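Student: Below is the file input33.cif, with mmCIF, C-alpha atoms.
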```cif
data_upload
loop_
_atom_site.label_atom_id
_atom_site.label_comp_id
_atom_site.auth_asym_id
_atom_site.auth_seq_id
_atom_site.Cartn_x
_atom_site.Cartn_y
_atom_site.Cartn_z
CA MET A 1 8.88 0.48 -10.00
CA SER A 2 6.52 2.38 -7.72
CA GLU A 3 6.02 6.10 -8.15
CA VAL A 4 8.87 8.15 -6.65
CA ILE A 5 7.71 11.27 -4.83
CA THR A 6 9.82 13.99 -3.22
CA ARG A 7 8.54 14.86 0.26
CA TYR A 8 11.35 16.39 2.30
CA LEU A 9 11.11 16.30 6.09
CA THR A 10 11.62 20.05 6.28
CA ASP A 11 10.59 20.38 9.94
CA ASN A 12 12.82 17.55 11.14
CA PRO A 13 15.91 18.84 13.01
CA CYS A 14 18.15 16.68 10.80
CA TYR A 15 16.93 18.44 7.65
CA LYS A 16 17.34 21.81 9.33
CA ALA A 17 20.92 20.94 10.34
CA GLY A 18 21.62 20.52 6.63
CA ARG A 19 25.02 18.85 6.94
CA ILE A 20 26.44 17.52 3.67
CA ILE A 21 28.22 14.18 3.19
CA LYS A 22 30.24 12.72 0.37
CA VAL A 23 28.25 9.63 -0.63
CA GLN A 24 30.15 6.36 -0.45
CA GLY A 25 27.22 3.98 -0.36
CA ILE A 26 23.58 3.26 0.49
CA MET A 27 22.22 1.43 3.53
CA LEU A 28 19.00 -0.59 3.39
CA HIS A 29 16.78 -0.58 6.48
CA SER A 30 13.28 -1.75 7.30
CA VAL A 31 11.06 0.10 9.72
CA GLY A 32 10.77 -2.55 12.45
CA CYS A 33 7.01 -2.34 12.93
CA PRO A 34 3.90 -3.55 11.06
CA GLN A 35 3.23 -0.38 9.08
CA PRO A 36 2.94 -0.54 5.26
CA ASP A 37 2.25 3.15 4.60
CA PRO A 38 5.30 5.44 4.17
CA LEU A 39 3.15 8.51 4.79
CA VAL A 40 2.54 7.47 8.39
CA PHE A 41 6.28 7.76 9.07
CA ILE A 42 6.61 10.98 7.09
CA GLN A 43 3.80 12.63 9.04
CA ASN A 44 5.26 11.49 12.37
CA TRP A 45 8.86 12.36 11.55
CA ASP A 46 8.29 15.73 9.89
CA LYS A 47 8.17 17.61 13.18
CA ALA A 48 10.57 19.88 15.01
CA SER A 49 10.18 17.67 18.08
CA PHE A 50 11.29 14.49 16.26
CA ALA A 51 15.03 14.62 16.88
CA SER A 52 15.78 10.89 17.08
CA ALA A 53 15.98 9.85 13.43
CA CYS A 54 15.80 10.97 9.82
CA VAL A 55 16.30 8.99 6.61
CA HIS A 56 16.63 9.74 2.93
CA GLY A 57 13.60 7.75 1.86
CA PHE A 58 10.75 5.36 2.64
CA VAL A 59 9.78 2.56 0.28
CA GLY A 60 6.24 1.21 0.18
CA LYS A 61 4.45 -1.20 -2.11
CA ASP A 62 2.80 1.50 -4.22
CA ALA A 63 4.98 4.56 -3.69
CA THR A 64 8.51 5.56 -2.74
CA TYR A 65 9.23 8.85 -0.99
CA ILE A 66 12.52 10.78 -1.00
CA THR A 67 12.64 12.58 2.35
CA LEU A 68 16.15 14.13 2.43
CA PRO A 69 18.05 15.63 -0.52
CA CYS A 70 20.13 12.79 -1.96
CA ALA A 71 19.67 12.98 -5.72
CA GLU A 72 20.45 16.59 -6.52
CA MET A 73 24.24 16.76 -6.77
CA PRO A 74 26.30 13.74 -7.84
CA GLY A 75 28.49 12.53 -4.99
CA LEU A 76 26.81 14.59 -2.29
CA ALA A 77 23.75 14.27 -0.04
CA VAL A 78 22.32 15.84 3.08
CA ARG A 79 23.47 13.82 6.09
CA GLY A 80 20.81 11.59 7.63
CA TRP A 81 20.33 10.08 11.07
CA HIS A 82 19.62 6.48 10.09
CA SER A 83 22.28 4.18 11.55
CA GLY A 84 22.62 5.30 15.17
CA SER A 85 24.64 7.91 17.02
CA GLY A 86 28.32 8.37 17.77
CA SER A 87 30.93 5.94 16.46
CA LYS A 88 28.30 3.18 16.20
CA GLY A 89 26.47 5.30 13.65
CA SER A 90 29.44 6.47 11.62
CA SER A 91 27.76 5.36 8.38
CA ASN A 92 25.59 8.47 8.75
CA ASN A 93 28.69 10.25 7.43
CA THR A 94 29.11 8.01 4.38
CA HIS A 95 25.84 6.35 3.39
CA ILE A 96 22.39 7.32 2.21
CA GLY A 97 19.79 5.52 4.36
CA VAL A 98 16.52 4.12 3.00
CA GLU A 99 13.74 2.40 4.97
CA MET A 100 11.45 -0.30 3.58
CA CYS A 101 7.97 -0.41 5.12
CA GLU A 102 6.74 -3.70 6.57
CA PRO A 103 3.50 -5.68 6.15
CA ALA A 104 0.55 -4.95 8.40
CA ASN A 105 -0.07 -8.59 9.31
CA ILE A 106 3.10 -9.26 11.30
CA ARG A 107 3.43 -8.81 15.06
CA TYR A 108 6.75 -8.42 16.84
CA ILE A 109 7.02 -10.60 19.93
CA ASN A 110 10.68 -10.45 20.99
CA GLY A 111 13.35 -8.27 19.44
CA ALA A 112 13.35 -8.94 15.69
CA ALA A 113 11.18 -12.07 16.01
CA PHE A 114 7.61 -11.81 14.79
CA THR A 115 4.50 -13.84 14.07
CA CYS A 116 2.49 -13.54 10.86
CA SER A 117 -1.23 -14.04 10.30
CA ASP A 118 -0.98 -14.43 6.51
CA THR A 119 2.45 -15.49 5.26
CA GLU A 120 1.66 -15.31 1.55
CA LYS A 121 0.23 -11.81 1.85
CA ALA A 122 3.26 -10.69 3.86
CA ARG A 123 5.64 -12.24 1.32
CA ASP A 124 3.88 -10.44 -1.51
CA PHE A 125 4.25 -7.11 0.29
CA VAL A 126 7.92 -7.65 1.12
CA ARG A 127 8.62 -8.91 -2.41
CA GLU A 128 7.20 -5.74 -3.94
CA THR A 129 8.88 -3.33 -1.52
CA THR A 130 12.20 -5.11 -2.05
CA LYS A 131 11.82 -4.71 -5.82
CA ASN A 132 11.01 -1.03 -5.39
CA ALA A 133 14.02 -0.59 -3.10
CA ALA A 134 16.31 -2.31 -5.61
CA ASP A 135 15.09 -0.01 -8.34
CA LEU A 136 15.59 3.10 -6.20
CA PHE A 137 19.08 1.92 -5.24
CA SER A 138 19.94 1.40 -8.91
CA GLN A 139 18.88 4.98 -9.67
CA LEU A 140 20.96 6.32 -6.79
CA CYS A 141 23.96 4.22 -7.87
CA LEU A 142 23.62 5.64 -11.38
CA PHE A 143 23.35 9.19 -10.09
CA HIS A 144 26.29 8.92 -7.66
CA ASP A 145 28.42 6.66 -9.89
CA LEU A 146 28.47 3.79 -7.37
CA ASP A 147 29.21 0.13 -8.09
CA PRO A 148 26.54 -1.88 -6.22
CA LEU A 149 28.78 -4.96 -6.12
CA ALA A 150 31.81 -3.18 -4.66
CA ASP A 151 32.63 -3.89 -1.02
CA GLY A 152 30.67 -1.75 1.42
CA VAL A 153 28.71 0.23 -1.17
CA ILE A 154 25.30 -1.36 -0.65
CA ILE A 155 24.81 -2.79 2.82
CA SER A 156 21.96 -3.55 5.18
CA HIS A 157 21.63 -2.15 8.68
CA ALA A 158 22.60 -5.61 9.96
CA GLU A 159 25.74 -5.61 7.81
CA GLY A 160 26.52 -2.10 9.01
CA TYR A 161 26.48 -3.41 12.58
CA GLN A 162 28.83 -6.24 11.61
CA ARG A 163 31.19 -3.66 10.15
CA GLY A 164 31.03 -1.51 13.28
CA ILE A 165 29.40 1.45 11.54
CA ALA A 166 25.77 1.02 12.67
CA THR A 167 23.82 0.04 15.77
CA ASN A 168 22.77 -3.51 16.55
CA HIS A 169 19.79 -4.23 14.30
CA GLY A 170 18.90 -7.21 12.12
CA ASP A 171 17.01 -5.45 9.35
CA PRO A 172 16.00 -6.09 6.71
CA GLU A 173 17.33 -9.66 6.48
CA HIS A 174 15.07 -10.72 9.34
CA LEU A 175 12.03 -10.18 7.09
CA TRP A 176 13.27 -12.40 4.26
CA ARG A 177 14.51 -15.06 6.68
CA GLN A 178 11.43 -15.35 8.89
CA LEU A 179 9.08 -15.30 5.91
CA SER A 180 11.14 -18.13 4.35
CA MET A 181 11.92 -16.11 1.24
CA ASP A 182 14.85 -17.23 -0.90
CA TYR A 183 16.53 -13.85 -0.71
CA ASP A 184 19.45 -12.09 0.98
CA MET A 185 21.64 -9.02 0.56
CA ASP A 186 23.79 -10.68 -2.09
CA ARG A 187 20.66 -11.24 -4.17
CA PHE A 188 19.59 -7.65 -3.48
CA ARG A 189 22.93 -6.27 -4.67
CA ALA A 190 22.73 -8.44 -7.79
CA ASP A 191 19.22 -7.14 -8.50
CA VAL A 192 20.43 -3.55 -8.12
CA LYS A 193 23.26 -4.29 -10.57
CA VAL A 194 20.84 -5.65 -13.18
CA ARG A 195 18.59 -2.62 -12.86
CA LEU A 196 21.58 -0.28 -12.98
CA GLU A 197 22.73 -1.73 -16.29
CA GLU A 198 19.22 -1.23 -17.66
CA LYS A 199 19.30 2.43 -16.65
CA LYS A 200 22.76 3.35 -17.92
CA GLU A 201 21.32 5.67 -20.54
CA LYS A 202 18.86 7.32 -18.21
CA ILE A 203 19.30 10.29 -15.88
CA ILE A 204 17.32 10.48 -12.65
CA THR A 205 16.00 13.62 -11.04
CA ASP A 206 14.37 14.14 -7.70
CA ASP A 207 11.49 16.31 -8.85
CA GLU A 208 8.10 15.11 -10.09
CA GLU A 209 6.14 16.67 -12.93
CA GLY A 210 4.39 19.77 -11.71
CA GLU A 211 6.54 20.23 -8.61
CA ASP A 212 7.76 23.77 -8.10
CA VAL A 213 11.53 23.27 -7.92
CA VAL A 214 13.99 26.00 -8.86
CA ARG A 215 17.04 24.61 -10.67
CA TYR A 216 20.24 26.23 -11.85
CA ASN A 217 21.49 24.92 -15.18
CA THR A 218 24.64 27.07 -15.41
CA MET A 219 26.83 29.17 -13.14
CA LYS A 220 25.37 32.23 -14.88
CA GLN A 221 22.00 31.39 -13.32
CA MET A 222 23.50 30.71 -9.89
CA PRO A 223 23.06 33.58 -7.42
CA ASP A 224 26.29 35.39 -6.56
CA TRP A 225 26.19 34.26 -2.92
CA ALA A 226 26.35 30.61 -4.03
CA LYS A 227 29.04 30.75 -6.70
CA PRO A 228 32.16 30.61 -4.46
CA THR A 229 31.04 27.42 -2.72
CA VAL A 230 29.94 25.70 -5.93
CA GLN A 231 33.17 26.67 -7.69
CA LYS A 232 35.24 25.20 -4.83
CA LEU A 233 33.28 21.95 -5.01
CA ILE A 234 33.89 21.80 -8.77
CA SER A 235 37.63 22.37 -8.31
CA LYS A 236 37.81 19.61 -5.68
CA GLY A 237 36.00 17.18 -7.94
CA TYR A 238 32.79 16.89 -5.89
CA ILE A 239 30.76 18.10 -8.85
CA GLN A 240 31.65 16.01 -11.87
CA GLY A 241 30.31 14.99 -15.24
CA SER A 242 28.70 17.51 -17.54
CA GLY A 243 28.26 19.95 -14.67
CA ALA A 244 32.02 20.50 -14.55
CA LYS A 245 32.46 21.16 -18.27
CA PRO A 246 32.66 24.90 -19.01
CA ASP A 247 30.84 26.73 -21.75
CA ASN A 248 32.55 29.24 -24.05
CA ASP A 249 32.65 31.77 -21.22
CA GLY A 250 34.19 29.34 -18.73
CA ASN A 251 30.99 28.69 -16.77
CA PRO A 252 30.09 25.08 -15.80
CA THR A 253 27.00 23.80 -17.61
CA ASP A 254 24.09 21.44 -16.92
CA MET A 255 24.25 21.69 -13.15
CA ASP A 256 21.09 20.02 -11.87
CA LEU A 257 20.91 21.59 -8.41
CA SER A 258 17.84 22.55 -6.47
CA HIS A 259 17.67 25.71 -4.40
CA ASP A 260 17.49 23.60 -1.22
CA MET A 261 20.76 21.84 -1.99
CA VAL A 262 22.55 25.06 -2.95
CA ARG A 263 21.38 26.76 0.25
CA MET A 264 22.58 23.87 2.40
CA LEU A 265 25.93 23.70 0.65
CA VAL A 266 26.58 27.38 1.21
CA VAL A 267 25.41 27.43 4.83
CA ASN A 268 27.65 24.41 5.58
CA ASP A 269 30.57 25.47 3.37
CA ARG A 270 33.56 23.47 4.61
CA ALA A 271 35.10 23.05 1.18
#
```
Go through the file and emit its structure as structure tokens.
Tutor:
Amino acid sequence: MSEVITRYLTDNPCYKAGRIIKVQGIMLHSVGCPQPDPLVFIQNWDKASFASACVHGFVGKDATYITLPCAEMPGLAVRGWHSGSGSKGSSNNTHIGVEMCEPANIRYINGAAFTCSDTEKARDFVRETTKNAADLFSQLCLFHDLDPLADGVIISHAEGYQRGIATNHGDPEHLWRQLSMDYDMDRFRADVKVRLEEKKEKIITDDEEGEDVVRYNTMKQMPDWAKPTVQKLISKGYIQGSGAKPDNDGNPTDMDLSHDMVRMLVVNDRA
């Protein structure tokens, strides 16, 4: 798998809104333009003026970036703007959204149709980004206790449109199809399942070595202003696993929460 780097879009209005969703699945997108570098999107989207979209991550060939908090509290994530607006984008309220970058040597000519100057090179790029996406999805499924083969858990943007929960896009299946790759969303889900089984004994985190992230491992370490919200989420079952098991003093233990996630939960406390 490519390196996973946390790079939140802190200036994007979606991040600043900080709404929290209960995660029911993950939606796979592709960016819809010939740009292989995730950092190009991050630099363009991480602005106060960019109010049209925001996703939880970008997947490239050599690196994957997490751009909205989605792997800090099991079952919860910051709401993204990845599947459209209004009722046609209702999966914003249920799904994490991840974008795959696309090869530099394709050119869109009409809608989702494109030409390609070097098919083998494009296939290699898409093959690697798809593998990286499958590995990231397996980590998120492990973290949020999701079954990748269950109905509606892992879907593409195109499948979201078919279900009436996303706007009319054909990604990312259009890449595999037009590059004549023997691959589809069923194969993707199966790949995620295989990787998930391989990771059953592993725990993912969203912070990289050396990153300055404040974490609270028990309620004793949680600031007083945050405790009421976190306790309500525990009582409603939103925080599960070891984080909900009390110590000898009745305080939940092993709560792997960043300061950003705690702040957003408290600001948007609707528990």
Student: Between atom CA of Glu198 of chain A and atom CA of Lys131 of chain A, what distance in Å does the model show, to one decimal?
Tutor: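 Value for the atom CA of Glu198 of chain A-atom CA of Lys131 of chain A distance: 14.4 Å.
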Student: Expand the PyMOL selection byres ((chain A and resi 94) around 9) into the individual residues it matches in the shown file, reporting them as a list in words.
Tutor: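 Going through the file, the PyMOL selection byres ((chain A and resi 94) around 9) ends up selecting Ile21, Lys22, Val23, Gln24, Gly25, Ile26, Arg79, Ser90, Ser91, Asn92, Asn93, His95 and Ile96 of chain A.
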Student: With all atoms listed in the file as the basis for distance, which of A:Pro103, A:Gly89, A:Pro34, A:Pro228 is at the shortest distance from Thr129 of chain A?
Tutor: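 Looking only at the distances to Thr129 of chain A, the closest residue turns out to be A:Pro103.
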Student: Find the residue from A:Glu120, A:Asp37, A:Glu72, A:Glu99 that sits nearest to Cys54 of chain A; use all atoms listed in the file when measuring.
Tutor: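 Of A:Glu120, A:Asp37, A:Glu72, A:Glu99, the one nearest Cys54 of chain A, counting all atoms listed in the file, is A:Glu99.
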Student: Please list as a list in words every residue within 12 Å of Gly111 of chain A, counting only C-alpha atoms and excluding residues in the same chain fewer than 4 positions away.
Tutor: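 Everything that qualifies: Gly32, Cys33, Arg107, Thr115, Asn168, His169, Gly170, Asp171 and His174 of chain A.
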Student: For this file, the PyMOL selection byres ((chain A and resi 146) around 10) selects which residues, as a list of chain:residue names?
Tutor: A:Val23, A:Gln24, A:Gly25, A:Ile26, A:Gly75, A:Phe137, A:Ser138, A:Gln139, A:Leu140, A:Cys141, A:Leu142, A:Phe143, A:His144, A:Asp145, A:Asp147, A:Pro148, A:Leu149, A:Ala150, A:Val153, A:Ile154, A:Leu196
Student: Which residues are close to Ala63 of chain A, i.e. within 10 Å by only C-alpha atoms, leaving aside same-chain residues fewer than 6 positions away? Reply as a list in words.
Tutor: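 These residues fall inside the cut-off: Met1, Ser2, Glu3, Val4, Ile5, Asp37, Pro38, Leu39, Thr129 and Asn132 of chain A.
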Student: Could you tell me which residues the PyMOL selection byres ((chain A and resi 125) around 9) grabs in this file, written as a list in words?
Tutor: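 When the PyMOL selection byres ((chain A and resi 125) around 9) is applied, the selected residues are Pro36, Gly60, Lys61, Glu102, Pro103, Glu120, Lys121, Ala122, Arg123, Asp124, Val126, Arg127, Glu128, Thr129 and Thr130 of chain A.
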Student: So the first atom is atom CA of Asn12 of chain A and the second is atom CA of Arg163 of chain A; what is the distance between them in Å, to one decimal place?
Tutor: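 Atom CA of Arg163 of chain A lies at a distance of 28.1 Å from atom CA of Asn12 of chain A.
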Student: Neighbouring residues of Ala53 of chain A were defined as those with any atom within 10 Å, considering only C-alpha atoms; residues of the same chain fewer than 5 positions away were excluded. Please report them as a list in words.
Tutor: Asn12, Pro13, Cys14, Trp45, Gly80, Trp81, His82, Ser83, Gly84 and Ser85 of chain A
Student: Quick check, in Å to one decimal: how far apart do atom CA of Ile155 of chain A and atom CA of Asp182 of chain A lie?
Tutor: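 Rounded to one decimal, the two atoms are 17.9 Å apart.
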Student: Measuring between all atoms listed in the file, which one of A:Asp191, A:Gln162, A:Leu136, A:Cys116 shows the shortest distance to Ala71 of chain A?
Tutor: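 Answer, going by the shortest atom-to-atom distance: A:Leu136.
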Student: So that I can check the surroundings of Ala113 of chain A, please list as a ChimeraX atom specification every protein, DNA and RNA residue that reaches within 8 Å of it, counting only C-alpha atoms and ignoring chain neighbours fewer than 4 positions away.
Tutor: /A:108-109,174,178
Student: Kindly save the residues from that selection, with C-alpha atoms included, as a short mmCIF file (atom, residue, chain, number, x, y, z; two decimals), in the frame of the given file.
Tutor:
```
data_model
loop_
_atom_site.label_atom_id
_atom_site.label_comp_id
_atom_site.auth_asym_id
_atom_site.auth_seq_id
_atom_site.Cartn_x
_atom_site.Cartn_y
_atom_site.Cartn_z
CA TYR A 108 6.75 -8.42 16.84
CA ILE A 109 7.02 -10.60 19.93
CA HIS A 174 15.07 -10.72 9.34
CA GLN A 178 11.43 -15.35 8.89
#
```
Student: Which one of A:Ser156, A:Lys199, A:Gly18, A:Lys88 sits closest to Asp184 of chain A if you count only C-alpha atoms?
Tutor: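 Under the stated criterion, the closest residue is A:Ser156.
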Student: Ranking A:Asn110, A:Thr10, A:Asn44, A:Ser49 by minimum distance to Val78 of chain A and counting all atoms listed in the file, which one comes first?
Tutor: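 Under the stated criterion, the closest residue is A:Thr10.
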